[in-house]
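**Student:** This is the structure I have questions about; it appears just below.
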Amino acid sequence: MLNKRASLELSISTIVIVILAMTLLGLGLAFIKNIFGSAEELSDSAFGKVSDQLQRDLVNNGERLIFSQSKVDIERGKSSLLGWGIRNENRVRLDYWAEFTPIKCPIVCPSKEKLNSEWFTFKYNPDGNVSSLLYSVDSAEQSIKRVDLTAPQNTEPGLYLVDLSIYGEKGQNDTKYDSTEIFIAVS
């Protein structure tokens, strides 16, 4: 009789421990989900502000291409969420691709490929050859696109001058729609 009572108490305490463990696991997962959800909301909120400013600048300045900042300060190994705005003044939809080109650097400029794949994160489409990687904006409309800038850890500190060029869809020859210059101060 004593053995049955001991085994019954052992199984009840095991069930209680399992229920407590599952409850704590559920609470922990909910907490982690809330943390990551908040970080994503902050990122979307930050880009929302950038997007609103770019929309206003496109309307007020009368320019076809605007970058979110003309001078960006960034530390090596860090990243910054930026964007560009484009206004299509054509009578037809504009299918385009974007490319960043180094113009002037403190010592040696990164290659165009390295700049577009390691420094800037966006739909890079070298020479506009991949139609699925083209951006598009309807006639007489404007569009805002995200780009993330990360200065690689081994980057020389100093001031970099970079050109952002927008090209029309690949055809017989590249047609530059517009371009703008960006200063990047790496520390």
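Chain labels A, B, ... are given in the sequence in which chains occur in the structure tokens; within each chain residues are numbered consecutively from 1, and ligands are likewise numbered from 1 in the order shown.
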What's around region 69-72 of chain A at 6 Å? Count only C-alpha atoms, leave out sequence neighbours fewer than 5 positions away in its own chain, and write the answer as a count of residues only.
**Tutor:** 3
**Student:** Which residues come within 9 Å of region 154-163 of chain A, counting only C-alpha atoms, excluding same-chain residues fewer than 3 positions away, as a list in words?
**Tutor:**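 The residues that qualify are Glu75, Arg76, Gly77, Glu99, Phe100, Thr101, Pro102, Ile103, Lys104, Cys105, Pro106, Ile107, Val108, Cys109, Pro110, Ala151, Ser179, Thr180, Glu181, Ile182, Phe183, Ile184, Ala185, Val186 and Ser187 of chain A.
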**Student:** Out of region 9-163 of chain A, which residues get strand (DSSP E or B) from DSSP, as a PyMOL selection string?
**Tutor:** chain A and resi 65-67+71-74+79-87+94-104+120-121+135-137+142-150+158-163
**Student:** Got time to write the residues from that selection, N, CA and C atoms, as a compact mmCIF listing (two decimals), in the first residue's frame?
**Tutor:**
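The result, stored in selection_17.txt:
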```txt
# COMPACT_ATOMS: atom_id res chain seq x y z
N LEU A 65 15.46 62.03 -59.03
CA LEU A 65 16.11 61.06 -58.15
C LEU A 65 16.62 61.76 -56.91
N ILE A 66 16.27 61.21 -55.76
CA ILE A 66 16.74 61.78 -54.49
C ILE A 66 17.16 60.63 -53.60
N PHE A 67 18.31 60.80 -52.92
CA PHE A 67 18.76 59.83 -51.91
C PHE A 67 18.40 60.39 -50.55
N LYS A 71 24.87 63.17 -47.11
CA LYS A 71 26.07 62.77 -46.38
C LYS A 71 25.66 61.79 -45.28
N VAL A 72 26.32 60.64 -45.28
CA VAL A 72 26.01 59.59 -44.31
C VAL A 72 27.24 59.36 -43.45
N ASP A 73 27.07 59.44 -42.13
CA ASP A 73 28.14 59.10 -41.19
C ASP A 73 27.91 57.69 -40.70
N ILE A 74 28.94 56.84 -40.80
CA ILE A 74 28.78 55.44 -40.40
C ILE A 74 30.10 54.91 -39.84
N SER A 79 25.65 49.35 -39.70
CA SER A 79 24.80 49.54 -40.88
C SER A 79 23.79 50.65 -40.63
N SER A 80 23.25 51.17 -41.72
CA SER A 80 22.29 52.26 -41.66
C SER A 80 21.23 52.02 -42.73
N LEU A 81 19.96 52.18 -42.34
CA LEU A 81 18.85 52.01 -43.28
C LEU A 81 18.59 53.32 -44.01
N LEU A 82 18.71 53.29 -45.31
CA LEU A 82 18.55 54.48 -46.15
C LEU A 82 17.55 54.16 -47.26
N GLY A 83 17.44 55.05 -48.22
CA GLY A 83 16.55 54.79 -49.34
C GLY A 83 16.73 55.83 -50.44
N TRP A 84 16.16 55.54 -51.59
CA TRP A 84 16.14 56.51 -52.67
C TRP A 84 14.71 56.65 -53.16
N GLY A 85 14.43 57.81 -53.71
CA GLY A 85 13.13 58.07 -54.30
C GLY A 85 13.31 58.42 -55.76
N ILE A 86 12.42 57.93 -56.60
CA ILE A 86 12.50 58.20 -58.03
C ILE A 86 11.12 58.63 -58.53
N ARG A 87 11.11 59.63 -59.39
CA ARG A 87 9.87 60.09 -60.01
C ARG A 87 9.98 59.82 -61.51
N LEU A 94 8.48 52.94 -66.25
CA LEU A 94 9.94 52.89 -66.27
C LEU A 94 10.40 51.64 -65.54
N ASP A 95 11.03 50.72 -66.26
CA ASP A 95 11.70 49.57 -65.65
C ASP A 95 13.17 49.95 -65.57
N TYR A 96 13.73 49.89 -64.37
CA TYR A 96 15.09 50.41 -64.20
C TYR A 96 15.91 49.54 -63.26
N TRP A 97 17.21 49.80 -63.28
CA TRP A 97 18.13 49.17 -62.35
C TRP A 97 19.05 50.25 -61.79
N ALA A 98 19.55 50.00 -60.59
CA ALA A 98 20.37 50.99 -59.89
C ALA A 98 21.78 50.45 -59.69
N GLU A 99 22.74 51.40 -59.65
CA GLU A 99 24.13 50.99 -59.43
C GLU A 99 24.88 52.11 -58.71
N PHE A 100 25.63 51.71 -57.69
CA PHE A 100 26.50 52.63 -56.96
C PHE A 100 27.91 52.52 -57.54
N THR A 101 28.55 53.67 -57.78
CA THR A 101 29.89 53.69 -58.34
C THR A 101 30.79 54.55 -57.46
N PRO A 102 31.95 54.02 -57.04
CA PRO A 102 32.85 54.85 -56.24
C PRO A 102 33.51 55.91 -57.12
N ILE A 103 33.57 57.14 -56.63
CA ILE A 103 34.18 58.23 -57.39
C ILE A 103 35.50 58.65 -56.76
N LYS A 104 35.47 58.91 -55.44
CA LYS A 104 36.68 59.35 -54.75
C LYS A 104 36.70 58.69 -53.37
N PHE A 120 26.31 48.05 -50.01
CA PHE A 120 24.88 48.35 -50.16
C PHE A 120 24.10 47.05 -50.35
N THR A 121 22.98 46.93 -49.64
CA THR A 121 22.11 45.77 -49.79
C THR A 121 20.81 46.23 -50.46
N TYR A 135 13.64 47.19 -61.06
CA TYR A 135 12.63 47.96 -60.33
C TYR A 135 11.69 48.56 -61.37
N SER A 136 10.50 48.97 -60.96
CA SER A 136 9.62 49.64 -61.90
C SER A 136 8.81 50.71 -61.19
N VAL A 137 8.46 51.73 -61.96
CA VAL A 137 7.60 52.81 -61.47
C VAL A 137 6.71 53.23 -62.63
N GLN A 142 5.74 58.11 -58.49
CA GLN A 142 7.02 58.09 -57.80
C GLN A 142 7.09 56.85 -56.92
N SER A 143 8.32 56.42 -56.64
CA SER A 143 8.52 55.20 -55.88
C SER A 143 9.70 55.38 -54.94
N ILE A 144 9.59 54.79 -53.75
CA ILE A 144 10.65 54.84 -52.75
C ILE A 144 11.18 53.43 -52.56
N LYS A 145 12.50 53.27 -52.56
CA LYS A 145 13.12 51.96 -52.39
C LYS A 145 14.10 51.99 -51.23
N ARG A 146 14.13 50.89 -50.49
CA ARG A 146 15.04 50.72 -49.35
C ARG A 146 16.41 50.29 -49.82
N VAL A 147 17.41 50.75 -49.08
CA VAL A 147 18.78 50.26 -49.28
C VAL A 147 19.47 50.32 -47.92
N ASP A 148 20.23 49.29 -47.62
CA ASP A 148 20.96 49.23 -46.36
C ASP A 148 22.43 49.43 -46.65
N LEU A 149 23.05 50.38 -45.95
CA LEU A 149 24.48 50.65 -46.11
C LEU A 149 25.22 50.04 -44.93
N THR A 150 26.22 49.22 -45.22
CA THR A 150 27.09 48.66 -44.19
C THR A 150 28.54 48.90 -44.60
N GLY A 158 37.53 57.48 -43.49
CA GLY A 158 37.67 58.67 -44.33
C GLY A 158 36.38 58.97 -45.07
N LEU A 159 36.47 59.92 -45.99
CA LEU A 159 35.31 60.38 -46.75
C LEU A 159 35.30 59.74 -48.13
N TYR A 160 34.20 59.07 -48.45
CA TYR A 160 34.01 58.41 -49.74
C TYR A 160 32.94 59.18 -50.52
N LEU A 161 33.18 59.39 -51.79
CA LEU A 161 32.18 59.98 -52.67
C LEU A 161 31.69 58.88 -53.60
N VAL A 162 30.37 58.66 -53.58
CA VAL A 162 29.76 57.57 -54.34
C VAL A 162 28.64 58.14 -55.21
N ASP A 163 28.53 57.62 -56.43
CA ASP A 163 27.47 58.03 -57.35
C ASP A 163 26.41 56.93 -57.40
```
**Student:** Nearest to Glu118 (chain A) among A:Pro152, A:Leu24, A:Asp138, A:Val130, with distances taken over only C-alpha atoms: which residue is it?
**Tutor:**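 Once distances to Glu118 (chain A) are computed over only C-alpha atoms, the minimum belongs to A:Pro152.
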**Student:** Report the residues of region 46-154 of chain A whose backbone DSSP state falls under helix (DSSP H, G or I), written as a PyMOL selection string.
**Tutor:** chain A and resi 46-61+112-119+126-128+131-133
**Student:** What's the separation between CA of Asn88 (chain A) and CA of Glu141 (chain A), in Å to one decimal place?
**Tutor:**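 We find that CA of Asn88 (chain A) and CA of Glu141 (chain A) lie 5.6 Å from each other.
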**Student:** Using CA of Asn61 (chain A) and CA of Trp119 (chain A) as the two end points, give the distance in Å to one decimal.
**Tutor:**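 Atom-to-atom, CA of Asn61 (chain A) to CA of Trp119 (chain A), that is 27.9 Å.
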**Student:** Separation of CA of Phe122 (chain A) and CA of Leu134 (chain A), in Å?
**Tutor:**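 Distance between the two atoms: 11.1 Å.
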**Student:** I need the residue nearest Lys78 (chain A) from this list: A:Ile19, A:Gln153, A:Ser111, A:Asn129. Use only C-alpha atoms for the distance.
**Tutor:**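 Residue with the minimum atom-to-atom distance to Lys78 (chain A): A:Gln153.
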